[in-house]
Amino acid sequence: MRLSVAFRHAHRSQASISRPRAGVKVLKPKNRFIPANSAVSHLWVRESSTSGTSETATLASFKSHPRKNDGPLYESAVGDIVQRSREELRAVRETNPDLKPTLAIIQADEDDALLEVNKKMAGKIGLDVMQICLPHQCTEEEVIEEILRLNEDCRVHGIFLHLPQSFLSKSVRNAIKPQKDVDGVSDLNVGRVVLGDQRDGFVSPVTGAVLEMLARHDAPLVGKMAVLLGVEGPLKATLQFLLQNNGMMVQTCQWSSKNLQKRIMDSDVVVLVESGHKSLPPTWLRPGVAVINLSSALMEEHPDSWEHRAEAESGARVGPLSAAIRMQHVVRSSMRWIQEQQYQPWRLRPLKLQPLSPVPSDIEISRAQTPKPISQLAQEIGLLPEELEAYGKTKAKVHLSLLDRLQHQPNGKYVLVAGITPTPLGEGKSTVTIGLVQALSAHLKLNSFACLRQPSQGPTFGVKGGAAGGGYAQVIPMEEFNLHLTGDIHAITAANNLVAAAIDARILHEATQSDKALYSRLVPSINGVRRFSPIQMARLQRLGINKSDPSDLTQEEVKAFVRLDLDPEKVTWQRVVDTNDRFLRKITVGQANTEKGHSRQTQFDIAVASEIMAILALTDGLADMRARLGRMVVGSSRSGQPITADDLGVTGALAVLMKDAIKPTLMQTLEGTPVFVHAGPFANIAHGNSSVLADKLALKLVGEDGFVVTEAGFGADIGMEKFFNIKCRTSGLRPDVVVLVATVRALKMHGGGPNVTAGVPLPKEYINENLQLVADGCSNLKKQIQIARLFGVPVVVALNVFKTDTQAEIDLVCRIAEASGASSAVQCHHWSRGGRGSVELAHAVKKAASQKNSFQFLYNLQDSIVEKIRTIAQKVYGADDIELSPEAQAKMDYYNQQGFGALPICMAKTHLSLSHMPEKKGVPTGFILPIRDIRASIGAGFIYPLVGTMSTMPGLPTRPCFYDIDLDPVTEEIKGLF
């Protein structure tokens with residue numbers, strides 16, 4: 001429901017910051033209210049309140065017992081509070097110069113005396129006042145809606161309800177965030193007073209004013225009797241308990257109470273609210289009693305009169321004093337807000353883990369653990385509620401505003417998990433990553449974050465299975481992690497295929513329409529007006545056409561604008577789907593009669609191979625992502641010019657589809673430690689690493705002494721090299737440690753063992769002890785250590801232990817690794833024991849992170865494309881040289897001509913060998929690396945040479961994983977998911 005607002009304005013240095021609109025009155029510096037229309041109804045002022053939410057109080061000695069010094073006493077109290085507030089605000093502005101605390105006043109009338117009093121007091125201290133005036137006939141729901149809006153406005157640090165008593169329901173009062181409830185009317189703040197704990201809350205300013213004046217009274221309060229007469233609501237509770245906390249005895253009564261006269265005559269302080277025409281007879285009051293009347297209407301006075309008027313009649317006015325206290329509350333609310341914005345130490349509560357033997361299936365382990373509510377985990381690691389966007393109870397998106405909030409917070413240690421050349425079964429990099437962070441956080445009590453890629457549906461339903469880790473080192477709930485998660489891959493699929501649809505539609509329309517017809521449709525007349533959209537204006541500027549009126553273009557300019565002239569044979573953009581589907585590797589589109597014979601051959605890639613996925617992983621924010629999306633090259637014109645998404649006019653729509661996908665997803669491990677899941681670029685034709693944004697957010701959250709552990713796809717020769725040369729260049733981050741994962745099984749394969757196949761029992765060589773195979777296979781481990789050392793980063797080898805490994809084999813690997821340059825080599829049992837099984841690895845990583853780091857890139861971006869390729873081939877893969885096909889040479893010349901030569905290189909080759917030949921294990925030598933083609937992801941920002949044949953659409957095996965997956969229709973539990 002939209003709030004009907006009579007007027008809303010904010011006072012910023014005595015000037016309005018709001019734009020006039022229908023039904024709005026804007027305050028001008030010299031002119032009172034200037035109506036935007038004449039339909040604003042007359043509003044009204046309530047003359048008394050028992051809630052403490054209106055400036056309707058008078059504090060005085062009774063008229064028959066005047067105190068000549070009440071005026072100076074009152075002025076002194078106001079002056080002291082104003083001075084204190086100024087000093088507090090000045091102190092906080094020294095480190096936060098842009099801070100401008102604001103009090104928002106919600107009222108339901110047009111009387112501005114209250115606004116003037118608060119505005120004047122705010123001006124003395126240096127605060128802003130925002131007035132929101134609702135119609136007299138507004139509803140409770142509309143008031144609550146306005147309160148909720150102000151709750152989320154980070155500029156507002158205090159909310160004051162100047163409303164009729166009938167509006168101040170429990171629902172309305174409790175709608176205010178307690179930290180912005182500067183009038184102390186919410187149940188939480190009243191309850192804090194009752195419990196005597198006001199450190200994080202606020203007391204009613206009227207109550208504060210009463211106490212302030214009583215505290216300055218000549219006589220001590222301890223042991224005195226106070227009577228609260230006719231006082232109700234939150235004000236009654238706060239007054240009663242605060243007076244009691246100051247050592248006074250307190251009685252509460254109504255005007256109709258029995259023995260009222262005796263109670264009054266026995267009292268030292270009387271706090272009253274008049275009822276009707278009732279008042280206290282002077283004869284009931286003994287000399288020296290202090291009478292506090294909370295009934296008089298401050299609004300009837302001239303707002304400027306209180307400051308200089310002699311208080312001869314009835315002593316001081318509480319209104320301005322309570323206004324001063326309210327402003328002090330706003331200052332302190334802003335100070336608390338600033339404190340909340342600072343880095344908060346973690347209060348992580350790890351989850352207990354009780355591993356079983358034999359180890360159950362992954363999904364059974366996941367289901368046996370009860371994850372923490374994601375909001376609780378977020379609070380434990382220092383995230384603010386407004387930075388979290390929950391997707392159910394166990395996962396949430398994290399807003400990028402965190403980077404601004406913690407921009408001055410030092411980064412933690414940055415750890416990369418890579419691996420040796422793997423078998424088709426994988427060597428457990430994800431389980432090592434998760435086991436390591438569980439060990440660091442749950443056992444060593446060090447802040448740590450895991451950053452993982454989002455798994456594709458392809459392997460989930462194909463051969464490999466999921467990517468949540470495994471055993472007692474996994475992300476939970478694992479079924480949510482592996483299935484859809486928060487829909488990022490679906491957003492990428494939608495965005496990618498929108499580009500594909502735009503390409504074919506544009507080719508068709510250009511082929512079947514004249515320049516004039518195209519122009520009239522691309523720039524239509526709407527209500528008699530033709531105008532270019534912003535993205536069309538950008539295209540005109542790229543064409544060198546500096547005109548903004550569509551009627552001013554010449555025929556030649558119209559032709560240049562409407563004709564992309566995309567060559568159907570040179571379209572490089574493919575459609576995607578997140579399923580292994582071999583029959584989409586080559587397709588024909590445009591075969592319907594409606595497409596008028598404009599058919600062409602194309603293909604589908606798996607969704608994670610989309611350039612949009614690579615962009616998501618490398619971007620540093622929305623603006624950067626939008627710019628990268630616009631730079632994506634989708635093909636070439638017949639004249640050889642690159643055609644981009646900006647040329648198609650689709651960039652803005654892509655950014656809209658991706659606006660939520662850019663936020664990393666927060667989840668947790670089995671031991672309740674935090675995990676960011678974000679992006680999942682294909683590790684062959686892209687860099688195969690999780691997102692820069694996830695890493696940056698995590699590095700701020702863990703703090704200077706914490707650890708962020710992220711994983712690179714495939715072996716160190718592919719994933720790690722791309723992590724360093726592409727991701728680290730983009731992010732500006734520098735790694736502190738590389739954890740190199742190895743298994744005895746993979747080392748035996750590199751030592752000459754037989755091939756292994758997923759779903760087929762392991763040959764006996766991998767089950768029985770064979771030290772010779774292990775020793776020979778360690779050649780691959782040595783090479784991968786050397787590759788890491790090329791970049792100047794310390795290496796820790798993590799041997800992922802399987803139950804078939806013998807101690808002799810384990811010891812042999814660790815000895816060889818340390819002799820080959822690893823800082824240390826440790827065995828890991830996280831799969832069967834959780835974090836406790838990786839404590840030794842955690843200690844080794846912590847020690848290595850403290851070593852001197854001399855990180856360096858492998859090549860300079862200014863090197864030629866061919867030299868960068870040759871450097872990677874020779875120094876990383878061990879090739880003698882490279883060989884360019886004629887097609888690759890032509891592409892390289894084209895990219896140099898277009899100005900793309902300074903981009904980093906993203907090699908696309910097999911992950912099953914250091915060479916381009918999957919069957920060549922160990923450390924192949926004496927080979928020439930063939931480069932059959934060179935392609936470019938301009939939006940993502942890299943050139944990717946193709947080594948051999950590279951499939952971007954996997955196929956399903958004879959027996960895919962989906963044979964075992966099912967759903968219980970009663971419990972809705974997923975079965976057979978690993």
# chains A, B, ... in the order shown; residues from 1 in each chain; ligands from 1
call {"tool": "select_by_dssp", "arguments": {"residues": "stretch 119-148 of chain A", "states": "helix (DSSP H, G or I)", "output": "PyMOL selection string"}}
result
chain A and resi 119-125+140-148
call {"tool": "residues_around", "arguments": {"residues": "stretch 732-737 of chain A", "least_positions_apart": "2", "cutoff": "6 Å", "atoms": "only C-alpha atoms", "output": "PyMOL selection string"}}
result
chain A and resi 414-415+728-730+793-794+849
call {"tool": "residues_around", "arguments": {"residues": "A:Leu771", "least_positions_apart": "3", "cutoff": "9 Å", "atoms": "only C-alpha atoms", "output": "list of chain:residue names"}}
result
A:Lys748, A:Val774, A:Ala775, A:Asp776, A:Ala808, A:Glu809, A:Leu812
call {"tool": "residues_around", "arguments": {"residues": "A:Leu115", "least_positions_apart": "2", "cutoff": "9 Å", "atoms": "only C-alpha atoms", "output": "mmCIF file with C-alpha atoms, in the first residue's frame"}}
result
data_model
loop_
_atom_site.group_PDB
_atom_site.id
_atom_site.type_symbol
_atom_site.label_atom_id
_atom_site.label_comp_id
_atom_site.auth_asym_id
_atom_site.auth_seq_id
_atom_site.Cartn_x
_atom_site.Cartn_y
_atom_site.Cartn_z
ATOM 1 C CA ILE A 105 9.495 13.592 12.870
ATOM 2 C CA ASP A 111 1.204 22.731 13.247
ATOM 3 C CA ASP A 112 4.933 23.385 12.990
ATOM 4 C CA ALA A 113 5.716 24.665 16.466
ATOM 5 C CA VAL A 117 11.584 23.779 18.500
ATOM 6 C CA ASN A 118 13.365 20.630 17.362
ATOM 7 C CA LYS A 119 14.820 22.311 14.306
ATOM 8 C CA LYS A 120 16.204 25.127 16.436
ATOM 9 C CA VAL A 129 15.447 17.477 10.948
ATOM 10 C CA MET A 130 13.195 15.701 8.478
ATOM 11 C CA GLN A 131 9.457 16.307 8.855
#
call {"tool": "residues_around", "arguments": {"residues": "A:Gly939", "least_positions_apart": "2", "cutoff": "12 Å", "atoms": "only C-alpha atoms", "output": "JSON list (two decimals) with all heavy atoms, in the first residue's frame"}}
result
[["chain", "number", "residue", "atom", "x", "y", "z"],
["A", 610, "SER", "N", 29.57, -19.84, -20.65],
["A", 610, "SER", "CA", 29.20, -18.54, -21.18],
["A", 610, "SER", "C", 30.20, -17.47, -20.74],
["A", 610, "SER", "O", 30.69, -17.48, -19.61],
["A", 610, "SER", "CB", 27.80, -18.15, -20.69],
["A", 610, "SER", "OG", 27.50, -16.80, -21.00],
["A", 611, "GLU", "N", 30.48, -16.54, -21.63],
["A", 611, "GLU", "CA", 31.35, -15.43, -21.26],
["A", 611, "GLU", "C", 30.75, -14.61, -20.13],
["A", 611, "GLU", "O", 31.47, -14.00, -19.33],
["A", 611, "GLU", "CB", 31.61, -14.53, -22.48],
["A", 611, "GLU", "CG", 32.59, -13.40, -22.18],
["A", 611, "GLU", "CD", 32.91, -12.54, -23.38],
["A", 611, "GLU", "OE1", 32.48, -12.90, -24.51],
["A", 611, "GLU", "OE2", 33.58, -11.51, -23.20],
["A", 612, "ILE", "N", 29.44, -14.60, -20.02],
["A", 612, "ILE", "CA", 28.79, -13.85, -18.94],
["A", 612, "ILE", "C", 29.17, -14.44, -17.58],
["A", 612, "ILE", "O", 29.34, -13.71, -16.60],
["A", 612, "ILE", "CB", 27.26, -13.83, -19.14],
["A", 612, "ILE", "CG1", 26.92, -13.09, -20.44],
["A", 612, "ILE", "CG2", 26.55, -13.18, -17.96],
["A", 612, "ILE", "CD1", 25.45, -13.07, -20.78],
["A", 613, "MET", "N", 29.36, -15.75, -17.53],
["A", 613, "MET", "CA", 29.82, -16.37, -16.29],
["A", 613, "MET", "C", 31.24, -15.91, -15.96],
["A", 613, "MET", "O", 31.56, -15.61, -14.80],
["A", 613, "MET", "CB", 29.78, -17.90, -16.40],
["A", 613, "MET", "CG", 30.36, -18.63, -15.20],
["A", 613, "MET", "SD", 29.47, -18.34, -13.65],
["A", 613, "MET", "CE", 28.24, -19.66, -13.75],
["A", 614, "ALA", "N", 32.10, -15.85, -16.97],
["A", 614, "ALA", "CA", 33.47, -15.38, -16.73],
["A", 614, "ALA", "C", 33.47, -13.93, -16.28],
["A", 614, "ALA", "O", 34.26, -13.54, -15.40],
["A", 614, "ALA", "CB", 34.30, -15.54, -18.00],
["A", 615, "ILE", "N", 32.58, -13.12, -16.84],
["A", 615, "ILE", "CA", 32.47, -11.72, -16.41],
["A", 615, "ILE", "C", 32.03, -11.64, -14.96],
["A", 615, "ILE", "O", 32.58, -10.86, -14.17],
["A", 615, "ILE", "CB", 31.49, -10.97, -17.34],
["A", 615, "ILE", "CG1", 32.13, -10.75, -18.71],
["A", 615, "ILE", "CG2", 31.05, -9.65, -16.73],
["A", 615, "ILE", "CD1", 31.19, -10.17, -19.74],
["A", 616, "LEU", "N", 31.03, -12.44, -14.59],
["A", 616, "LEU", "CA", 30.56, -12.44, -13.20],
["A", 616, "LEU", "C", 31.70, -12.77, -12.24],
["A", 616, "LEU", "O", 31.79, -12.18, -11.16],
["A", 616, "LEU", "CB", 29.43, -13.47, -13.05],
["A", 616, "LEU", "CG", 28.86, -13.63, -11.63],
["A", 616, "LEU", "CD1", 28.17, -12.35, -11.18],
["A", 616, "LEU", "CD2", 27.90, -14.81, -11.57],
["A", 617, "ALA", "N", 32.57, -13.67, -12.64],
["A", 617, "ALA", "CA", 33.65, -14.08, -11.76],
["A", 617, "ALA", "C", 34.75, -13.03, -11.65],
["A", 617, "ALA", "O", 35.49, -13.01, -10.66],
["A", 617, "ALA", "CB", 34.25, -15.40, -12.25],
["A", 618, "LEU", "N", 34.87, -12.14, -12.64],
["A", 618, "LEU", "CA", 35.98, -11.18, -12.66],
["A", 618, "LEU", "C", 35.58, -9.75, -12.34],
["A", 618, "LEU", "O", 36.44, -8.91, -12.11],
["A", 618, "LEU", "CB", 36.67, -11.21, -14.03],
["A", 618, "LEU", "CG", 37.45, -12.49, -14.34],
["A", 618, "LEU", "CD1", 37.91, -12.48, -15.79],
["A", 618, "LEU", "CD2", 38.64, -12.65, -13.41],
["A", 619, "THR", "N", 34.29, -9.46, -12.31],
["A", 619, "THR", "CA", 33.86, -8.08, -12.11],
["A", 619, "THR", "C", 34.06, -7.63, -10.68],
["A", 619, "THR", "O", 34.15, -8.44, -9.75],
["A", 619, "THR", "CB", 32.39, -7.91, -12.52],
["A", 619, "THR", "OG1", 32.06, -6.53, -12.53],
["A", 619, "THR", "CG2", 31.46, -8.60, -11.52],
["A", 624, "ASP", "N", 31.07, -1.90, -13.33],
["A", 624, "ASP", "CA", 32.09, -2.63, -14.08],
["A", 624, "ASP", "C", 31.46, -3.79, -14.85],
["A", 624, "ASP", "O", 31.81, -4.04, -16.01],
["A", 624, "ASP", "CB", 33.17, -3.15, -13.14],
["A", 624, "ASP", "CG", 34.21, -3.99, -13.85],
["A", 624, "ASP", "OD1", 34.95, -3.43, -14.68],
["A", 624, "ASP", "OD2", 34.28, -5.21, -13.58],
["A", 625, "MET", "N", 30.50, -4.49, -14.22],
["A", 625, "MET", "CA", 29.86, -5.62, -14.90],
["A", 625, "MET", "C", 29.09, -5.13, -16.12],
["A", 625, "MET", "O", 29.16, -5.75, -17.20],
["A", 625, "MET", "CB", 28.91, -6.36, -13.95],
["A", 625, "MET", "CG", 28.23, -7.56, -14.60],
["A", 625, "MET", "SD", 27.15, -8.49, -13.48],
["A", 625, "MET", "CE", 25.80, -7.33, -13.27],
["A", 626, "ARG", "N", 28.37, -4.03, -15.97],
["A", 626, "ARG", "CA", 27.62, -3.51, -17.11],
["A", 626, "ARG", "C", 28.55, -3.13, -18.25],
["A", 626, "ARG", "O", 28.26, -3.40, -19.42],
["A", 626, "ARG", "CB", 26.78, -2.31, -16.69],
["A", 626, "ARG", "CG", 25.78, -1.87, -17.75],
["A", 626, "ARG", "CD", 25.12, -0.54, -17.39],
["A", 626, "ARG", "NE", 24.12, -0.21, -18.37],
["A", 626, "ARG", "CZ", 24.38, 0.27, -19.60],
["A", 626, "ARG", "NH1", 25.64, 0.44, -19.98],
["A", 626, "ARG", "NH2", 23.39, 0.55, -20.43],
["A", 627, "ALA", "N", 29.67, -2.50, -17.92],
["A", 627, "ALA", "CA", 30.63, -2.12, -18.96],
["A", 627, "ALA", "C", 31.20, -3.35, -19.65],
["A", 627, "ALA", "O", 31.36, -3.38, -20.88],
["A", 627, "ALA", "CB", 31.75, -1.27, -18.34],
["A", 628, "ARG", "N", 31.53, -4.37, -18.87],
["A", 628, "ARG", "CA", 32.07, -5.61, -19.46],
["A", 628, "ARG", "C", 31.03, -6.29, -20.34],
["A", 628, "ARG", "O", 31.37, -6.80, -21.43],
["A", 628, "ARG", "CB", 32.51, -6.56, -18.35],
["A", 628, "ARG", "CG", 33.79, -6.15, -17.62],
["A", 628, "ARG", "CD", 34.05, -7.06, -16.43],
["A", 628, "ARG", "NE", 35.29, -6.76, -15.73],
["A", 628, "ARG", "CZ", 36.46, -7.32, -15.98],
["A", 628, "ARG", "NH1", 36.56, -8.22, -16.95],
["A", 628, "ARG", "NH2", 37.54, -6.99, -15.30],
["A", 629, "LEU", "N", 29.78, -6.34, -19.89],
["A", 629, "LEU", "CA", 28.73, -6.94, -20.71],
["A", 629, "LEU", "C", 28.60, -6.21, -22.04],
["A", 629, "LEU", "O", 28.40, -6.83, -23.09],
["A", 629, "LEU", "CB", 27.40, -6.90, -19.95],
["A", 629, "LEU", "CG", 27.29, -7.81, -18.72],
["A", 629, "LEU", "CD1", 26.01, -7.51, -17.94],
["A", 629, "LEU", "CD2", 27.32, -9.29, -19.12],
["A", 630, "GLY", "N", 28.71, -4.89, -22.00],
["A", 630, "GLY", "CA", 28.60, -4.11, -23.23],
["A", 630, "GLY", "C", 29.74, -4.36, -24.20],
["A", 630, "GLY", "O", 29.58, -4.25, -25.42],
["A", 631, "ARG", "N", 30.93, -4.71, -23.67],
["A", 631, "ARG", "CA", 32.11, -4.93, -24.53],
["A", 631, "ARG", "C", 32.15, -6.32, -25.15],
["A", 631, "ARG", "O", 33.03, -6.61, -25.96],
["A", 631, "ARG", "CB", 33.38, -4.71, -23.72],
["A", 631, "ARG", "CG", 33.62, -3.27, -23.31],
["A", 631, "ARG", "CD", 35.07, -3.06, -22.90],
["A", 631, "ARG", "NE", 35.46, -3.87, -21.75],
["A", 631, "ARG", "CZ", 35.41, -3.47, -20.48],
["A", 631, "ARG", "NH1", 34.94, -2.25, -20.21],
["A", 631, "ARG", "NH2", 35.82, -4.24, -19.50],
["A", 632, "MET", "N", 31.26, -7.22, -24.74],
["A", 632, "MET", "CA", 31.29, -8.58, -25.28],
["A", 632, "MET", "C", 31.15, -8.56, -26.81],
["A", 632, "MET", "O", 30.22, -7.96, -27.34],
["A", 632, "MET", "CB", 30.15, -9.42, -24.68],
["A", 632, "MET", "CG", 30.27, -9.68, -23.21],
["A", 632, "MET", "SD", 29.03, -10.83, -22.55],
["A", 632, "MET", "CE", 27.49, -10.07, -23.09],
["A", 633, "VAL", "N", 32.06, -9.21, -27.48],
["A", 633, "VAL", "CA", 32.03, -9.29, -28.94],
["A", 633, "VAL", "C", 31.24, -10.55, -29.33],
["A", 633, "VAL", "O", 31.57, -11.65, -28.91],
["A", 633, "VAL", "CB", 33.45, -9.34, -29.53],
["A", 633, "VAL", "CG1", 33.40, -9.59, -31.04],
["A", 633, "VAL", "CG2", 34.18, -8.04, -29.21],
["A", 634, "VAL", "N", 30.20, -10.37, -30.14],
["A", 634, "VAL", "CA", 29.32, -11.48, -30.50],
["A", 634, "VAL", "C", 29.57, -11.97, -31.92],
["A", 634, "VAL", "O", 29.02, -13.00, -32.33],
["A", 634, "VAL", "CB", 27.83, -11.06, -30.34],
["A", 634, "VAL", "CG1", 27.55, -10.62, -28.91],
["A", 634, "VAL", "CG2", 27.46, -9.95, -31.33],
["A", 644, "THR", "N", 29.41, -5.73, -30.88],
["A", 644, "THR", "CA", 29.32, -5.94, -29.44],
["A", 644, "THR", "C", 27.88, -5.97, -28.96],
["A", 644, "THR", "O", 26.95, -5.62, -29.71],
["A", 644, "THR", "CB", 30.07, -4.83, -28.68],
["A", 644, "THR", "OG1", 29.38, -3.59, -28.90],
["A", 644, "THR", "CG2", 31.52, -4.72, -29.15],
["A", 645, "ALA", "N", 27.72, -6.34, -27.70],
["A", 645, "ALA", "CA", 26.39, -6.30, -27.08],
["A", 645, "ALA", "C", 25.87, -4.88, -27.02],
["A", 645, "ALA", "O", 24.65, -4.65, -27.12],
["A", 645, "ALA", "CB", 26.45, -6.91, -25.68],
["A", 646, "ASP", "N", 26.76, -3.91, -26.86],
["A", 646, "ASP", "CA", 26.34, -2.51, -26.91],
["A", 646, "ASP", "C", 25.75, -2.17, -28.27],
["A", 646, "ASP", "O", 24.75, -1.46, -28.36],
["A", 646, "ASP", "CB", 27.54, -1.58, -26.64],
["A", 646, "ASP", "CG", 27.68, -1.24, -25.16],
["A", 646, "ASP", "OD1", 26.73, -1.50, -24.40],
["A", 646, "ASP", "OD2", 28.75, -0.74, -24.77],
["A", 651, "THR", "N", 22.66, -4.27, -23.64],
["A", 651, "THR", "CA", 23.49, -4.25, -22.42],
["A", 651, "THR", "C", 22.69, -3.97, -21.16],
["A", 651, "THR", "O", 22.86, -4.62, -20.14],
["A", 651, "THR", "CB", 24.61, -3.20, -22.57],
["A", 651, "THR", "OG1", 25.31, -3.44, -23.78],
["A", 651, "THR", "CG2", 25.56, -3.28, -21.40],
["A", 900, "PHE", "N", 43.33, -5.60, -29.08],
["A", 900, "PHE", "CA", 43.12, -6.54, -27.99],
["A", 900, "PHE", "C", 44.41, -7.26, -27.56],
["A", 900, "PHE", "O", 44.39, -8.16, -26.75],
["A", 900, "PHE", "CB", 42.09, -7.60, -28.38],
["A", 900, "PHE", "CG", 40.75, -7.04, -28.80],
["A", 900, "PHE", "CD1", 40.00, -7.67, -29.79],
["A", 900, "PHE", "CD2", 40.27, -5.88, -28.23],
["A", 900, "PHE", "CE1", 38.77, -7.16, -30.18],
["A", 900, "PHE", "CE2", 39.03, -5.36, -28.62],
["A", 900, "PHE", "CZ", 38.28, -5.99, -29.60],
["A", 903, "LEU", "N", 45.67, -8.03, -23.72],
["A", 903, "LEU", "CA", 44.87, -8.82, -22.77],
["A", 903, "LEU", "C", 45.67, -10.03, -22.28],
["A", 903, "LEU", "O", 46.53, -10.55, -23.00],
["A", 903, "LEU", "CB", 43.57, -9.29, -23.43],
["A", 903, "LEU", "CG", 42.56, -8.20, -23.79],
["A", 903, "LEU", "CD1", 41.38, -8.81, -24.53],
["A", 903, "LEU", "CD2", 42.08, -7.45, -22.55],
["A", 936, "ALA", "N", 38.57, -14.77, -28.40],
["A", 936, "ALA", "CA", 38.65, -13.67, -27.44],
["A", 936, "ALA", "C", 37.35, -13.53, -26.66],
["A", 936, "ALA", "O", 36.27, -13.62, -27.23],
["A", 936, "ALA", "CB", 38.98, -12.37, -28.16],
["A", 937, "SER", "N", 37.49, -13.33, -25.37],
["A", 937, "SER", "CA", 36.37, -12.92, -24.51],
["A", 937, "SER", "C", 36.68, -11.49, -24.09],
["A", 937, "SER", "O", 37.30, -11.25, -23.05],
["A", 937, "SER", "CB", 36.26, -13.84, -23.29],
["A", 937, "SER", "OG", 35.85, -15.14, -23.66],
["A", 941, "GLY", "N", 37.71, -10.08, -20.65],
["A", 941, "GLY", "CA", 39.03, -9.46, -20.64],
["A", 941, "GLY", "C", 40.17, -10.43, -20.80],
["A", 941, "GLY", "O", 41.20, -10.28, -20.13],
["A", 942, "PHE", "N", 40.06, -11.43, -21.70],
["A", 942, "PHE", "CA", 41.19, -12.31, -21.97],
["A", 942, "PHE", "C", 41.08, -12.91, -23.36],
["A", 942, "PHE", "O", 40.00, -12.97, -23.95],
["A", 942, "PHE", "CB", 41.34, -13.41, -20.91],
["A", 942, "PHE", "CG", 40.10, -14.23, -20.64],
["A", 942, "PHE", "CD1", 39.63, -15.17, -21.54],
["A", 942, "PHE", "CD2", 39.41, -14.08, -19.44],
["A", 942, "PHE", "CE1", 38.51, -15.94, -21.29],
["A", 942, "PHE", "CE2", 38.27, -14.84, -19.17],
["A", 942, "PHE", "CZ", 37.82, -15.77, -20.09],
["A", 943, "ILE", "N", 42.23, -13.35, -23.85],
["A", 943, "ILE", "CA", 42.33, -14.09, -25.10],
["A", 943, "ILE", "C", 42.46, -15.57, -24.75],
["A", 943, "ILE", "O", 43.24, -15.93, -23.87],
["A", 943, "ILE", "CB", 43.57, -13.65, -25.90],
["A", 943, "ILE", "CG1", 43.54, -12.15, -26.19],
["A", 943, "ILE", "CG2", 43.72, -14.47, -27.18],
["A", 943, "ILE", "CD1", 42.53, -11.72, -27.21]]
call {"tool": "residues_around", "arguments": {"residues": "A:Glu510", "least_positions_apart": "6", "cutoff": "9 Å", "atoms": "only C-alpha atoms", "output": "PDB file with N, CA, C and O atoms, in the first residue's frame"}}
result
ATOM      1  N   LEU A 518      13.817   0.130 -41.062  1.00  0.00           N
ATOM      2  CA  LEU A 518      14.561  -0.234 -39.854  1.00  0.00           C
ATOM      3  C   LEU A 518      14.646   0.952 -38.898  1.00  0.00           C
ATOM      4  O   LEU A 518      14.432   0.817 -37.689  1.00  0.00           O
ATOM      5  N   VAL A 562      21.673   1.898 -38.408  1.00  0.00           N
ATOM      6  CA  VAL A 562      20.764   0.751 -38.378  1.00  0.00           C
ATOM      7  C   VAL A 562      21.419  -0.536 -38.853  1.00  0.00           C
ATOM      8  O   VAL A 562      20.930  -1.625 -38.542  1.00  0.00           O
ATOM      9  N   ARG A 563      22.526  -0.455 -39.588  1.00  0.00           N
ATOM     10  CA  ARG A 563      23.123  -1.648 -40.180  1.00  0.00           C
ATOM     11  C   ARG A 563      24.322  -2.133 -39.366  1.00  0.00           C
ATOM     12  O   ARG A 563      25.416  -1.562 -39.412  1.00  0.00           O
ATOM     13  N   LEU A 564      24.135  -3.187 -38.594  1.00  0.00           N
ATOM     14  CA  LEU A 564      25.277  -3.851 -37.963  1.00  0.00           C
ATOM     15  C   LEU A 564      25.988  -4.725 -38.980  1.00  0.00           C
ATOM     16  O   LEU A 564      27.191  -4.968 -38.877  1.00  0.00           O
ATOM     17  N   ASP A 565      25.200  -5.237 -39.952  1.00  0.00           N
ATOM     18  CA  ASP A 565      25.747  -6.048 -41.042  1.00  0.00           C
ATOM     19  C   ASP A 565      26.518  -7.261 -40.520  1.00  0.00           C
ATOM     20  O   ASP A 565      27.588  -7.593 -41.021  1.00  0.00           O
TER      21      ASP A 565
END
call {"tool": "atom_distance", "arguments": {"atom1": "atom CA of A:Val331", "atom2": "atom CA of A:Val78"}}
result
15.2 Å
call {"tool": "select_by_dssp", "arguments": {"residues": "stretch 624-825 of chain A", "states": "strand (DSSP E)", "output": "PyMOL selection string"}}
result
chain A and resi 633-637+642-644+665-669+674-677+707-711+737-742+795-800+824-825
call {"tool": "closest_residue", "arguments": {"among": "A:Gln574, A:Thr139, A:Thr743, A:Gln541", "to": "A:Asp647", "atoms": "only C-alpha atoms"}}
result
A:Gln541
call {"tool": "closest_residue", "arguments": {"among": "A:Phe802, A:Trp346, A:Trp337, A:Phe855", "to": "A:Trp831", "atoms": "only C-alpha atoms"}}
result
A:Phe802
call {"tool": "closest_residue", "arguments": {"among": "A:Leu400, A:Arg326, A:Glu75, A:Asp268", "to": "A:Ile159", "atoms": "only C-alpha atoms"}}
result
A:Arg326
call {"tool": "atom_distance", "arguments": {"atom1": "atom CA of A:Leu799", "atom2": "atom CA of A:Gly835"}}
result
14.8 Å
